[in-house]
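The file work.cif contains mmCIF, C-alpha atoms:
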```
data_query
#
loop_
_atom_site.label_atom_id
_atom_site.label_comp_id
_atom_site.auth_asym_id
_atom_site.auth_seq_id
_atom_site.Cartn_x
_atom_site.Cartn_y
_atom_site.Cartn_z
CA MET A 1469 -5.35 -2.63 6.27
CA ASP A 1470 -7.24 -4.46 9.05
CA ASN A 1471 -9.01 -7.83 9.12
CA GLN A 1472 -12.36 -6.37 7.99
CA ASP A 1473 -10.73 -4.81 4.92
CA GLU A 1474 -9.14 -8.14 4.09
CA ILE A 1475 -12.52 -9.86 4.41
CA ASN A 1476 -13.95 -7.26 1.99
CA TYR A 1477 -11.13 -8.03 -0.45
CA ILE A 1478 -11.94 -11.74 -0.22
CA LYS A 1479 -15.63 -11.04 -0.86
CA ARG A 1480 -14.71 -9.02 -3.94
CA ILE A 1481 -12.49 -11.83 -5.21
CA LEU A 1482 -15.23 -14.41 -4.69
CA ASP A 1483 -18.34 -12.44 -5.65
CA ALA A 1484 -17.10 -9.98 -8.26
CA GLY A 1485 -14.32 -12.19 -9.66
CA GLU A 1486 -11.65 -9.54 -8.97
CA THR A 1487 -8.82 -12.09 -9.02
CA ASN A 1488 -6.15 -9.37 -9.26
CA LEU A 1489 -6.86 -8.40 -5.61
CA PHE A 1490 -5.23 -11.66 -4.51
CA SER A 1491 -1.86 -10.04 -5.31
CA TYR A 1492 -2.32 -7.91 -2.17
CA PHE A 1493 -2.26 -11.07 -0.01
CA LEU A 1494 0.74 -12.38 -1.92
CA ASN A 1495 2.72 -9.19 -1.42
CA ARG A 1496 1.79 -8.94 2.24
CA TYR A 1497 2.19 -12.52 3.45
CA SER A 1498 4.38 -14.49 1.04
CA ASN A 1499 7.68 -13.76 2.82
CA SER A 1500 6.23 -14.57 6.25
CA ILE A 1501 4.83 -17.87 5.00
CA TYR A 1502 8.16 -18.60 3.31
CA SER A 1503 10.05 -17.93 6.56
CA LEU A 1504 7.80 -20.31 8.49
CA ILE A 1505 8.11 -23.08 5.90
CA LEU A 1506 11.86 -22.54 5.54
CA ARG A 1507 12.19 -23.23 9.27
CA ILE A 1508 10.36 -26.55 8.88
CA VAL A 1509 11.74 -27.95 5.61
CA PRO A 1510 15.42 -28.53 4.77
CA THR A 1511 15.98 -26.53 1.55
CA LYS A 1512 15.08 -23.13 0.11
CA GLU A 1513 13.80 -24.74 -3.10
CA ASP A 1514 11.35 -26.92 -1.15
CA ALA A 1515 10.27 -23.92 0.91
CA GLU A 1516 9.58 -21.87 -2.23
CA GLU A 1517 7.59 -24.67 -3.81
CA LEU A 1518 5.57 -25.24 -0.65
CA THR A 1519 4.90 -21.48 -0.37
CA GLN A 1520 3.45 -21.66 -3.89
CA ASP A 1521 1.33 -24.66 -2.89
CA THR A 1522 0.13 -22.78 0.17
CA PHE A 1523 -1.12 -19.80 -1.84
CA LEU A 1524 -2.72 -22.00 -4.49
CA LYS A 1525 -4.54 -23.97 -1.77
CA ALA A 1526 -5.56 -20.71 -0.10
CA TYR A 1527 -6.98 -19.38 -3.37
CA ARG A 1528 -8.86 -22.61 -4.07
CA LYS A 1529 -10.30 -22.72 -0.54
CA LEU A 1530 -10.94 -18.99 -0.24
CA ASP A 1531 -14.70 -19.57 0.04
CA THR A 1532 -14.15 -21.67 3.20
CA PHE A 1533 -12.56 -18.72 5.06
CA LYS A 1534 -15.24 -17.71 7.57
CA GLY A 1535 -13.48 -14.74 9.14
CA ASP A 1536 -13.50 -16.28 12.65
CA CYS A 1537 -9.73 -15.69 12.82
CA SER A 1538 -7.44 -13.28 10.99
CA PHE A 1539 -6.64 -14.08 7.38
CA SER A 1540 -2.93 -14.36 8.21
CA THR A 1541 -3.68 -17.00 10.88
CA TRP A 1542 -5.76 -18.96 8.38
CA LEU A 1543 -2.95 -18.68 5.83
CA PHE A 1544 -0.32 -19.77 8.36
CA ARG A 1545 -2.44 -22.82 9.17
CA ILE A 1546 -2.48 -23.85 5.51
CA GLY A 1547 1.27 -23.19 5.24
CA TYR A 1548 1.98 -25.15 8.42
CA ASN A 1549 -0.15 -28.13 7.30
CA THR A 1550 1.47 -28.10 3.85
CA ALA A 1551 4.97 -28.12 5.37
CA ILE A 1552 4.04 -30.82 7.93
CA SER A 1553 2.66 -33.09 5.17
CA PHE A 1554 5.90 -32.63 3.24
CA VAL A 1555 8.04 -33.50 6.30
CA ARG A 1556 5.90 -36.59 7.01
CA LYS A 1557 6.25 -37.81 3.44
CA ARG A 1558 10.03 -37.37 3.59
CA LYS A 1559 10.09 -39.21 6.95
CA ILE A 1560 12.62 -36.81 8.47
CA ILE A 1561 13.72 -38.06 11.90
CA PHE A 1562 14.14 -35.67 14.85
CA PRO A 1563 15.92 -36.45 18.15
CA VAL A 1564 13.68 -37.42 21.07
CA ILE A 1565 14.49 -36.22 24.58
CA ASP A 1566 13.52 -37.94 27.83
CA GLU A 1567 10.45 -36.24 29.31
CA ASN A 1568 11.78 -36.61 32.90
CA LEU A 1569 14.91 -34.69 31.96
CA LEU A 1570 12.81 -31.80 30.67
CA ALA A 1571 10.54 -31.89 33.72
CA ASN A 1572 13.49 -31.65 36.11
CA MET A 1573 15.16 -28.80 34.24
CA PRO A 1574 15.36 -25.62 36.40
CA ASP A 1575 13.50 -22.69 34.82
CA GLU A 1576 16.08 -20.17 36.04
CA ALA A 1577 18.93 -21.80 34.09
CA VAL A 1578 16.84 -21.73 30.89
CA GLU A 1579 15.80 -18.14 31.54
CA THR A 1580 19.38 -16.97 31.99
CA ILE A 1581 20.82 -18.62 28.92
CA PHE A 1582 18.08 -17.40 26.55
CA ASN A 1583 18.56 -13.78 27.54
CA LYS A 1584 22.24 -13.68 26.52
CA ASP A 1585 21.97 -12.26 23.02
CA ASP A 1586 25.58 -10.98 22.80
CA ASP A 1587 27.40 -14.32 23.12
CA GLU A 1588 28.16 -15.42 19.54
CA ASN A 1589 29.17 -18.92 20.59
CA LEU A 1590 25.92 -19.40 22.45
CA LEU A 1591 23.89 -18.04 19.53
CA GLN A 1592 25.61 -20.50 17.22
CA GLN A 1593 24.79 -23.38 19.57
CA LEU A 1594 21.21 -22.18 19.74
CA GLU A 1595 20.97 -22.10 15.94
CA VAL A 1596 22.16 -25.73 15.77
CA ALA A 1597 19.74 -26.73 18.54
CA ILE A 1598 16.78 -25.13 16.73
CA GLU A 1599 17.58 -27.23 13.65
CA LYS A 1600 17.20 -30.37 15.80
CA LEU A 1601 13.65 -29.51 16.91
CA ASN A 1602 10.76 -31.31 15.25
CA ALA A 1603 8.53 -29.57 12.69
CA GLU A 1604 5.79 -28.61 15.15
CA GLU A 1605 8.26 -27.16 17.63
CA LYS A 1606 10.02 -25.16 14.92
CA ALA A 1607 6.69 -23.77 13.74
CA LEU A 1608 5.74 -22.94 17.31
CA ILE A 1609 8.82 -20.84 18.08
CA THR A 1610 8.87 -19.25 14.62
CA LEU A 1611 5.31 -18.04 14.91
CA TYR A 1612 5.69 -16.98 18.53
CA TYR A 1613 9.07 -15.24 18.46
CA MET A 1614 9.48 -14.25 14.83
CA GLU A 1615 5.92 -13.48 13.70
CA GLU A 1616 4.93 -12.43 17.24
CA LYS A 1617 1.62 -14.26 17.03
CA PRO A 1618 -0.41 -14.40 20.26
CA VAL A 1619 -0.99 -17.76 21.97
CA ALA A 1620 -4.68 -17.82 20.93
CA GLU A 1621 -3.77 -17.57 17.23
CA LEU A 1622 -0.97 -20.11 17.63
CA ALA A 1623 -3.59 -22.48 19.01
CA ILE A 1624 -5.66 -22.05 15.83
CA VAL A 1625 -2.67 -22.57 13.51
CA LEU A 1626 -1.40 -25.67 15.31
CA GLU A 1627 -4.88 -26.99 16.17
CA LEU A 1628 -4.13 -27.10 19.91
CA THR A 1629 -5.69 -25.51 22.98
CA PRO A 1630 -4.08 -22.24 24.23
CA GLU A 1631 -3.02 -24.05 27.43
CA ASN A 1632 -1.37 -26.74 25.37
CA VAL A 1633 0.48 -24.11 23.36
CA LYS A 1634 1.86 -22.53 26.55
CA VAL A 1635 3.00 -25.91 27.88
CA LYS A 1636 4.66 -26.74 24.56
CA LEU A 1637 6.44 -23.38 24.48
CA PHE A 1638 7.94 -24.03 27.91
CA ARG A 1639 8.94 -27.54 26.86
CA VAL A 1640 10.59 -26.32 23.66
CA ARG A 1641 12.73 -23.84 25.59
CA LYS A 1642 13.87 -26.60 27.93
CA LYS A 1643 14.49 -28.93 25.01
CA LEU A 1644 16.63 -26.28 23.32
CA TYR A 1645 18.59 -25.87 26.52
CA VAL A 1646 19.20 -29.63 26.70
CA LEU A 1647 20.15 -29.79 23.02
CA MET A 1648 22.58 -26.89 23.47
CA ASN A 1649 24.28 -28.68 26.30
CA GLY A 1650 24.48 -31.86 24.24
CA GLN A 1651 22.66 -33.93 26.83
CA ASN A 1652 20.64 -37.11 26.24
CA LEU A 1653 21.37 -37.29 22.49
CA MET B 570 8.98 -15.79 27.53
CA LYS B 571 8.94 -12.99 24.99
CA GLN B 572 12.10 -11.73 26.70
CA ASP B 573 14.11 -14.65 25.31
CA ARG B 574 16.35 -12.24 23.47
CA ALA B 575 18.77 -14.86 22.12
CA LEU B 576 15.93 -16.86 20.56
CA ILE B 577 14.34 -13.76 19.08
CA LYS B 578 17.68 -12.63 17.63
CA ILE B 579 18.34 -15.99 15.98
CA LEU B 580 14.84 -16.37 14.57
CA LYS B 581 14.51 -12.81 13.34
CA SER B 582 17.84 -13.06 11.52
CA GLN B 583 16.13 -15.54 9.21
CA LYS B 584 13.63 -12.87 8.17
CA ASP B 585 16.30 -11.62 5.76
CA GLU B 586 15.62 -14.70 3.62
CA LYS B 587 13.28 -13.44 0.92
CA LEU B 588 11.48 -15.02 -1.98
CA PRO B 589 12.66 -14.14 -5.52
CA PRO B 590 11.33 -10.73 -6.66
CA ASP B 591 9.22 -12.29 -9.44
CA PHE B 592 7.51 -14.73 -7.06
CA SER B 593 4.27 -12.72 -6.82
CA ALA B 594 4.05 -12.27 -10.59
CA ARG B 595 4.60 -15.99 -11.20
CA MET B 596 2.04 -16.86 -8.55
CA MET B 597 -0.53 -14.48 -10.02
CA THR B 598 -0.11 -16.16 -13.42
CA GLN B 599 -0.94 -19.49 -11.78
CA ILE B 600 -3.83 -17.93 -9.85
CA TYR B 601 -5.32 -16.55 -13.11
CA ILE B 602 -5.06 -20.03 -14.67
CA VAL B 603 -6.82 -21.60 -11.66
CA SER B 604 -9.45 -18.86 -11.75
CA ALA B 605 -10.14 -19.38 -15.47
CA ALA B 606 -10.36 -23.16 -14.98
CA ARG B 607 -12.75 -22.67 -12.08
CA LYS B 608 -15.00 -20.35 -14.13
CA LYS B 609 -15.04 -22.84 -17.01
CA ARG B 610 -15.85 -25.72 -14.66
CA SER B 611 -18.69 -23.83 -13.01
CA MET B 612 -20.09 -22.87 -16.43
CA VAL B 613 -20.01 -26.49 -17.62
CA LEU B 614 -21.61 -27.61 -14.35
CA SER B 615 -24.38 -25.04 -14.62
CA TYR B 616 -25.07 -26.11 -18.24
CA ILE B 617 -25.27 -29.74 -17.14
CA LEU B 618 -27.55 -28.80 -14.26
CA ILE B 619 -29.86 -26.66 -16.41
CA SER B 620 -30.03 -29.35 -19.12
CA THR B 621 -30.74 -32.10 -16.58
CA VAL B 622 -33.46 -30.11 -14.85
CA SER B 623 -35.06 -29.06 -18.15
CA ILE B 624 -35.07 -32.60 -19.57
CA SER B 625 -36.41 -33.96 -16.29
CA LEU B 626 -39.22 -31.40 -16.24
CA ILE B 627 -40.17 -32.12 -19.86
CA LEU B 628 -40.15 -35.87 -19.23
CA LEU B 629 -42.14 -35.48 -16.02
CA ALA B 630 -44.71 -33.23 -17.69
CA THR B 631 -45.07 -35.64 -20.63
CA TYR B 632 -45.45 -38.59 -18.28
CA LEU B 633 -48.06 -36.81 -16.16
CA LEU B 634 -50.08 -35.54 -19.10
CA LYS B 635 -50.01 -38.82 -20.98
CA ASP B 636 -50.39 -41.46 -18.29
CA HIS B 637 -52.11 -39.74 -15.39
CA LEU B 638 -54.29 -37.06 -16.96
CA SER B 639 -55.11 -38.97 -20.19
CA PHE B 640 -54.27 -35.88 -22.24
CA ASN B 641 -54.80 -36.08 -25.97
CA PHE B 642 -51.82 -34.53 -27.74
CA SER B 643 -53.67 -33.80 -30.97
CA PHE B 644 -54.26 -30.08 -30.71
CA ARG B 645 -57.67 -28.81 -31.65
CA ILE B 646 -57.97 -25.38 -33.16
CA PRO B 647 -61.25 -23.76 -32.09
CA ALA B 648 -63.57 -22.81 -34.89
CA SER B 649 -63.17 -19.09 -35.58
CA PHE B 650 -65.31 -16.70 -37.45
CA PHE B 651 -63.71 -13.86 -39.45
CA SER B 652 -65.83 -11.06 -40.82
CA PRO B 653 -64.94 -9.84 -44.36
CA GLN B 654 -63.81 -6.50 -42.86
CA SER B 655 -61.41 -8.14 -40.37
CA LYS B 656 -60.09 -10.36 -43.16
CA THR B 657 -59.13 -7.21 -45.12
CA ILE B 658 -57.35 -5.70 -42.10
CA PHE B 659 -55.57 -8.99 -41.43
CA GLY B 660 -54.54 -9.27 -45.07
CA PHE B 661 -53.20 -5.71 -45.06
CA SER B 662 -51.17 -6.37 -41.89
CA VAL B 663 -49.65 -9.48 -43.44
CA TYR B 664 -48.82 -7.48 -46.59
CA ILE B 665 -47.05 -4.74 -44.56
CA ALA B 666 -45.16 -7.33 -42.47
CA SER B 667 -44.02 -9.11 -45.64
CA LEU B 668 -42.85 -5.81 -47.16
CA ILE B 669 -40.82 -5.00 -44.01
CA LEU B 670 -39.22 -8.44 -44.02
CA LEU B 671 -38.38 -8.10 -47.73
CA LEU B 672 -36.83 -4.66 -47.23
CA MET B 673 -34.80 -5.96 -44.26
CA PHE B 674 -33.59 -8.86 -46.37
CA ILE B 675 -32.58 -6.55 -49.24
CA ASP B 676 -30.83 -4.22 -46.77
CA ARG B 677 -28.87 -7.10 -45.30
CA PHE B 678 -27.98 -8.41 -48.75
CA PHE B 679 -26.58 -5.06 -49.92
CA ARG B 680 -24.75 -4.45 -46.64
CA ASN B 681 -23.02 -7.83 -46.98
CA MET B 682 -22.09 -7.07 -50.58
CA HIS B 683 -20.67 -3.67 -49.60
CA GLU B 684 -18.71 -5.21 -46.72
CA LYS B 685 -17.22 -7.87 -49.00
CA LYS B 686 -16.14 -5.20 -51.53
CA ARG B 687 -14.54 -3.12 -48.79
CA MET B 688 -12.66 -6.16 -47.43
CA GLY B 689 -11.50 -7.04 -50.95
CA LYS B 690 -10.09 -3.53 -51.50
CA SER B 691 -8.21 -3.45 -48.18
#
```

Kindly return the structure encoded in the file as structure tokens.
Amino acid sequence: MDNQDEINYIKRILDAGETNLFSYFLNRYSNSIYSLILRIVPTKEDAEELTQDTFLKAYRKLDTFKGDCSFSTWLFRIGYNTAISFVRKRKIIFPVIDENLLANMPDEAVETIFNKDDDENLLQQLEVAIEKLNAEEKALITLYYMEEKPVAELAIVLELTPENVKVKLFRVRKKLYVLMNGQNL
Amino acid sequence: MKQDRALIKILKSQKDEKLPPDFSARMMTQIYIVSAARKKRSMVLSYILISTVSISLILLATYLLKDHLSFNFSFRIPASFFSPQSKTIFGFSVYIASLILLLMFIDRFFRNMHEKKRMGKS
């Protein structure tokens, strides 16, 4: 089913009151939204509750979906904002890394380490480093690497420019590298 | 960047985390509740809107007729002339209409009585 079909479904829900069609969106996107939120918030229970909130908000605001981006992007934006609000309320603190350190990091070193997918020790370190990223950075890499969203759609979800998204992606990789090496913590 | 195989491997491993199987069903129950509440709210709002507009129009019309157009509300029935022949036709029509109403009333009365008997037996 493409974006136009999804827009037709939304029209039928809004105009003809065919509420049951919303189950299609639930079945298709609930696990993806859950994965994104689970990356941002600490527990599975919170992630499940926030996924519920996301779909309820989406249903309530369905008439504001204009179709200028894909429905999944719109849904991810709601999910991301819901999770970010939760993190802000909980005042979860993330480590801050010196900008100069990131700027001076050689790209080649980062490139090499992130292409070793058979080193279990390294993968474990990477897992720990990802947990230390802030909410926006976690969302960024989850949507880019896991959901394989293009930069333009990431920009819509995170309310950034595409150039800004690219810069942030490079910075996150360097930050992960620094965190893995236990520097500047 | 999409070649960052280690990152992709770590992040995609989390895709195995799934919501409980009854999640969609539970969500749909909530969605139906929200939908019903929304329909009720919009119905109440439309009633309020229609009532407000109707009352406003009646008040405005009354105000205009009374204060600006000096309208006299005592209705005058124009003097009419009925010929004896038309009076007979009119009288006959009223008689037929009354008979129909009476028959409809009797029909309804007996239907109700029959229905009550049937309910009593069952």

Identify every residue of chain B that has at least one atom within 12 Å of any atom of chain A, counting all atoms listed in the file, and report the result as a short mmCIF file (atom, residue, chain, number, x, y, z; two decimals) with C-alpha atoms, in the coordinates of the input.
```
data_model
loop_
_atom_site.label_atom_id
_atom_site.label_comp_id
_atom_site.auth_asym_id
_atom_site.auth_seq_id
_atom_site.Cartn_x
_atom_site.Cartn_y
_atom_site.Cartn_z
CA MET B 570 8.98 -15.79 27.53
CA LYS B 571 8.94 -12.99 24.99
CA GLN B 572 12.10 -11.73 26.70
CA ASP B 573 14.11 -14.65 25.31
CA ARG B 574 16.35 -12.24 23.47
CA ALA B 575 18.77 -14.86 22.12
CA LEU B 576 15.93 -16.86 20.56
CA ILE B 577 14.34 -13.76 19.08
CA LYS B 578 17.68 -12.63 17.63
CA ILE B 579 18.34 -15.99 15.98
CA LEU B 580 14.84 -16.37 14.57
CA LYS B 581 14.51 -12.81 13.34
CA SER B 582 17.84 -13.06 11.52
CA GLN B 583 16.13 -15.54 9.21
CA LYS B 584 13.63 -12.87 8.17
CA ASP B 585 16.30 -11.62 5.76
CA GLU B 586 15.62 -14.70 3.62
CA LYS B 587 13.28 -13.44 0.92
CA LEU B 588 11.48 -15.02 -1.98
CA PRO B 589 12.66 -14.14 -5.52
CA PRO B 590 11.33 -10.73 -6.66
CA ASP B 591 9.22 -12.29 -9.44
CA PHE B 592 7.51 -14.73 -7.06
CA SER B 593 4.27 -12.72 -6.82
CA ALA B 594 4.05 -12.27 -10.59
CA ARG B 595 4.60 -15.99 -11.20
CA MET B 596 2.04 -16.86 -8.55
CA MET B 597 -0.53 -14.48 -10.02
CA THR B 598 -0.11 -16.16 -13.42
CA GLN B 599 -0.94 -19.49 -11.78
CA ILE B 600 -3.83 -17.93 -9.85
CA TYR B 601 -5.32 -16.55 -13.11
CA ILE B 602 -5.06 -20.03 -14.67
CA VAL B 603 -6.82 -21.60 -11.66
CA SER B 604 -9.45 -18.86 -11.75
CA ALA B 605 -10.14 -19.38 -15.47
CA ALA B 606 -10.36 -23.16 -14.98
CA ARG B 607 -12.75 -22.67 -12.08
CA LYS B 608 -15.00 -20.35 -14.13
#
```

**Study point:** Nearby residues (all atoms listed in the file) at most 12 Å from Ala1603 of chain A, same-chain spacing under 6 positions excluded, as number ranges by chain
**Key:** A: 1504-1510, 1548-1556, 1559-1563, 1609-1610, 1626, 1640

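Between atom CA of Asn1602 of chain A and atom CA of Glu1621 of chain A the interatomic distance comes to 20.1 Å.
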
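Between atom CA of Leu1570 of chain A and atom CA of Val1646 of chain A the separation is 7.8 Å.
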
**Study point:** d(atom CA of Asn1471 of chain A, atom CA of Ser1538 of chain A) in Å
**Key:** 6.0 Å

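Here the question is which of A:Ala1607, A:Leu1569, A:Ala1577, A:Tyr1477 gets nearest to Arg1545 of chain A using only C-alpha atoms, and that residue is A:Ala1607.
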
Review point. Near Phe1533 of chain A, within 12 Å and counting all atoms listed in the file, which residues show up once chain neighbours fewer than 5 positions away are dropped, as a VMD selection string?
Key: chain A and resid 1474 to 1476 1478 to 1479 1482 1525 to 1528 1538 to 1543 1545 to 1546

Missing atoms of segment 1543-1575 of chain A rebuilt to N, CA and C atoms, written as a PDB file, in the frame of the given file:
```
ATOM      1  N   LEU A1543      -3.985 -18.409   6.826  1.00  0.00           N
ATOM      2  CA  LEU A1543      -2.950 -18.680   5.830  1.00  0.00           C
ATOM      3  C   LEU A1543      -1.778 -19.456   6.454  1.00  0.00           C
ATOM      4  N   PHE A1544      -1.399 -19.064   7.665  1.00  0.00           N
ATOM      5  CA  PHE A1544      -0.320 -19.770   8.360  1.00  0.00           C
ATOM      6  C   PHE A1544      -0.709 -21.219   8.636  1.00  0.00           C
ATOM      7  N   ARG A1545      -1.994 -21.444   8.916  1.00  0.00           N
ATOM      8  CA  ARG A1545      -2.440 -22.820   9.170  1.00  0.00           C
ATOM      9  C   ARG A1545      -2.272 -23.671   7.913  1.00  0.00           C
ATOM     10  N   ILE A1546      -2.646 -23.109   6.770  1.00  0.00           N
ATOM     11  CA  ILE A1546      -2.480 -23.850   5.510  1.00  0.00           C
ATOM     12  C   ILE A1546      -0.991 -24.097   5.256  1.00  0.00           C
ATOM     13  N   GLY A1547      -0.180 -23.053   5.457  1.00  0.00           N
ATOM     14  CA  GLY A1547       1.270 -23.190   5.240  1.00  0.00           C
ATOM     15  C   GLY A1547       1.880 -24.226   6.160  1.00  0.00           C
ATOM     16  N   TYR A1548       1.467 -24.188   7.428  1.00  0.00           N
ATOM     17  CA  TYR A1548       1.980 -25.150   8.420  1.00  0.00           C
ATOM     18  C   TYR A1548       1.581 -26.577   8.030  1.00  0.00           C
ATOM     19  N   ASN A1549       0.308 -26.782   7.674  1.00  0.00           N
ATOM     20  CA  ASN A1549      -0.150 -28.130   7.300  1.00  0.00           C
ATOM     21  C   ASN A1549       0.546 -28.632   6.034  1.00  0.00           C
ATOM     22  N   THR A1550       0.778 -27.715   5.101  1.00  0.00           N
ATOM     23  CA  THR A1550       1.470 -28.100   3.850  1.00  0.00           C
ATOM     24  C   THR A1550       2.898 -28.555   4.170  1.00  0.00           C
ATOM     25  N   ALA A1551       3.577 -27.780   5.024  1.00  0.00           N
ATOM     26  CA  ALA A1551       4.970 -28.120   5.370  1.00  0.00           C
ATOM     27  C   ALA A1551       5.026 -29.422   6.180  1.00  0.00           C
ATOM     28  N   ILE A1552       4.072 -29.603   7.099  1.00  0.00           N
ATOM     29  CA  ILE A1552       4.040 -30.820   7.930  1.00  0.00           C
ATOM     30  C   ILE A1552       3.820 -32.059   7.049  1.00  0.00           C
ATOM     31  N   SER A1553       2.907 -31.950   6.078  1.00  0.00           N
ATOM     32  CA  SER A1553       2.660 -33.090   5.170  1.00  0.00           C
ATOM     33  C   SER A1553       3.930 -33.437   4.417  1.00  0.00           C
ATOM     34  N   PHE A1554       4.652 -32.415   3.979  1.00  0.00           N
ATOM     35  CA  PHE A1554       5.900 -32.630   3.240  1.00  0.00           C
ATOM     36  C   PHE A1554       6.923 -33.366   4.121  1.00  0.00           C
ATOM     37  N   VAL A1555       7.067 -32.899   5.367  1.00  0.00           N
ATOM     38  CA  VAL A1555       8.040 -33.500   6.300  1.00  0.00           C
ATOM     39  C   VAL A1555       7.664 -34.960   6.574  1.00  0.00           C
ATOM     40  N   ARG A1556       6.348 -35.215   6.735  1.00  0.00           N
ATOM     41  CA  ARG A1556       5.900 -36.590   7.010  1.00  0.00           C
ATOM     42  C   ARG A1556       6.197 -37.516   5.837  1.00  0.00           C
ATOM     43  N   LYS A1557       5.985 -36.996   4.626  1.00  0.00           N
ATOM     44  CA  LYS A1557       6.250 -37.810   3.440  1.00  0.00           C
ATOM     45  C   LYS A1557       7.741 -38.142   3.334  1.00  0.00           C
ATOM     46  N   ARG A1558       8.576 -37.163   3.672  1.00  0.00           N
ATOM     47  CA  ARG A1558      10.030 -37.370   3.590  1.00  0.00           C
ATOM     48  C   ARG A1558      10.567 -38.209   4.755  1.00  0.00           C
ATOM     49  N   LYS A1559       9.722 -38.424   5.752  1.00  0.00           N
ATOM     50  CA  LYS A1559      10.090 -39.210   6.950  1.00  0.00           C
ATOM     51  C   LYS A1559      11.394 -38.705   7.585  1.00  0.00           C
ATOM     52  N   ILE A1560      11.446 -37.407   7.826  1.00  0.00           N
ATOM     53  CA  ILE A1560      12.620 -36.810   8.470  1.00  0.00           C
ATOM     54  C   ILE A1560      12.573 -37.136   9.964  1.00  0.00           C
ATOM     55  N   ILE A1561      13.693 -37.632  10.491  1.00  0.00           N
ATOM     56  CA  ILE A1561      13.720 -38.060  11.900  1.00  0.00           C
ATOM     57  C   ILE A1561      14.330 -36.960  12.779  1.00  0.00           C
ATOM     58  N   PHE A1562      13.659 -36.688  13.906  1.00  0.00           N
ATOM     59  CA  PHE A1562      14.140 -35.670  14.850  1.00  0.00           C
ATOM     60  C   PHE A1562      14.522 -36.358  16.165  1.00  0.00           C
ATOM     61  N   PRO A1563      15.529 -35.823  16.876  1.00  0.00           N
ATOM     62  CA  PRO A1563      15.920 -36.450  18.150  1.00  0.00           C
ATOM     63  C   PRO A1563      14.809 -36.338  19.202  1.00  0.00           C
ATOM     64  N   VAL A1564      14.689 -37.393  19.999  1.00  0.00           N
ATOM     65  CA  VAL A1564      13.680 -37.420  21.070  1.00  0.00           C
ATOM     66  C   VAL A1564      14.412 -37.279  22.411  1.00  0.00           C
ATOM     67  N   ILE A1565      13.839 -36.457  23.278  1.00  0.00           N
ATOM     68  CA  ILE A1565      14.490 -36.220  24.580  1.00  0.00           C
ATOM     69  C   ILE A1565      13.604 -36.759  25.690  1.00  0.00           C
ATOM     70  N   ASP A1566      14.238 -37.359  26.695  1.00  0.00           N
ATOM     71  CA  ASP A1566      13.520 -37.940  27.830  1.00  0.00           C
ATOM     72  C   ASP A1566      12.667 -36.879  28.525  1.00  0.00           C
ATOM     73  N   GLU A1567      11.385 -37.182  28.701  1.00  0.00           N
ATOM     74  CA  GLU A1567      10.450 -36.240  29.310  1.00  0.00           C
ATOM     75  C   GLU A1567      10.857 -35.864  30.741  1.00  0.00           C
ATOM     76  N   ASN A1568      11.396 -36.857  31.489  1.00  0.00           N
ATOM     77  CA  ASN A1568      11.780 -36.610  32.900  1.00  0.00           C
ATOM     78  C   ASN A1568      12.891 -35.560  32.969  1.00  0.00           C
ATOM     79  N   LEU A1569      13.792 -35.644  31.987  1.00  0.00           N
ATOM     80  CA  LEU A1569      14.910 -34.690  31.960  1.00  0.00           C
ATOM     81  C   LEU A1569      14.385 -33.267  31.782  1.00  0.00           C
ATOM     82  N   LEU A1570      13.397 -33.131  30.909  1.00  0.00           N
ATOM     83  CA  LEU A1570      12.810 -31.800  30.670  1.00  0.00           C
ATOM     84  C   LEU A1570      12.053 -31.320  31.895  1.00  0.00           C
ATOM     85  N   ALA A1571      11.339 -32.254  32.545  1.00  0.00           N
ATOM     86  CA  ALA A1571      10.540 -31.890  33.720  1.00  0.00           C
ATOM     87  C   ALA A1571      11.423 -31.415  34.873  1.00  0.00           C
ATOM     88  N   ASN A1572      12.604 -31.998  34.990  1.00  0.00           N
ATOM     89  CA  ASN A1572      13.490 -31.650  36.110  1.00  0.00           C
ATOM     90  C   ASN A1572      14.419 -30.467  35.811  1.00  0.00           C
ATOM     91  N   MET A1573      14.288 -29.912  34.628  1.00  0.00           N
ATOM     92  CA  MET A1573      15.160 -28.800  34.240  1.00  0.00           C
ATOM     93  C   MET A1573      14.777 -27.525  34.993  1.00  0.00           C
ATOM     94  N   PRO A1574      15.714 -26.855  35.672  1.00  0.00           N
ATOM     95  CA  PRO A1574      15.360 -25.620  36.400  1.00  0.00           C
ATOM     96  C   PRO A1574      15.048 -24.466  35.438  1.00  0.00           C
ATOM     97  N   ASP A1575      13.930 -23.788  35.698  1.00  0.00           N
ATOM     98  CA  ASP A1575      13.500 -22.690  34.820  1.00  0.00           C
ATOM     99  C   ASP A1575      14.514 -21.546  34.787  1.00  0.00           C
TER     100      ASP A1575
END
```
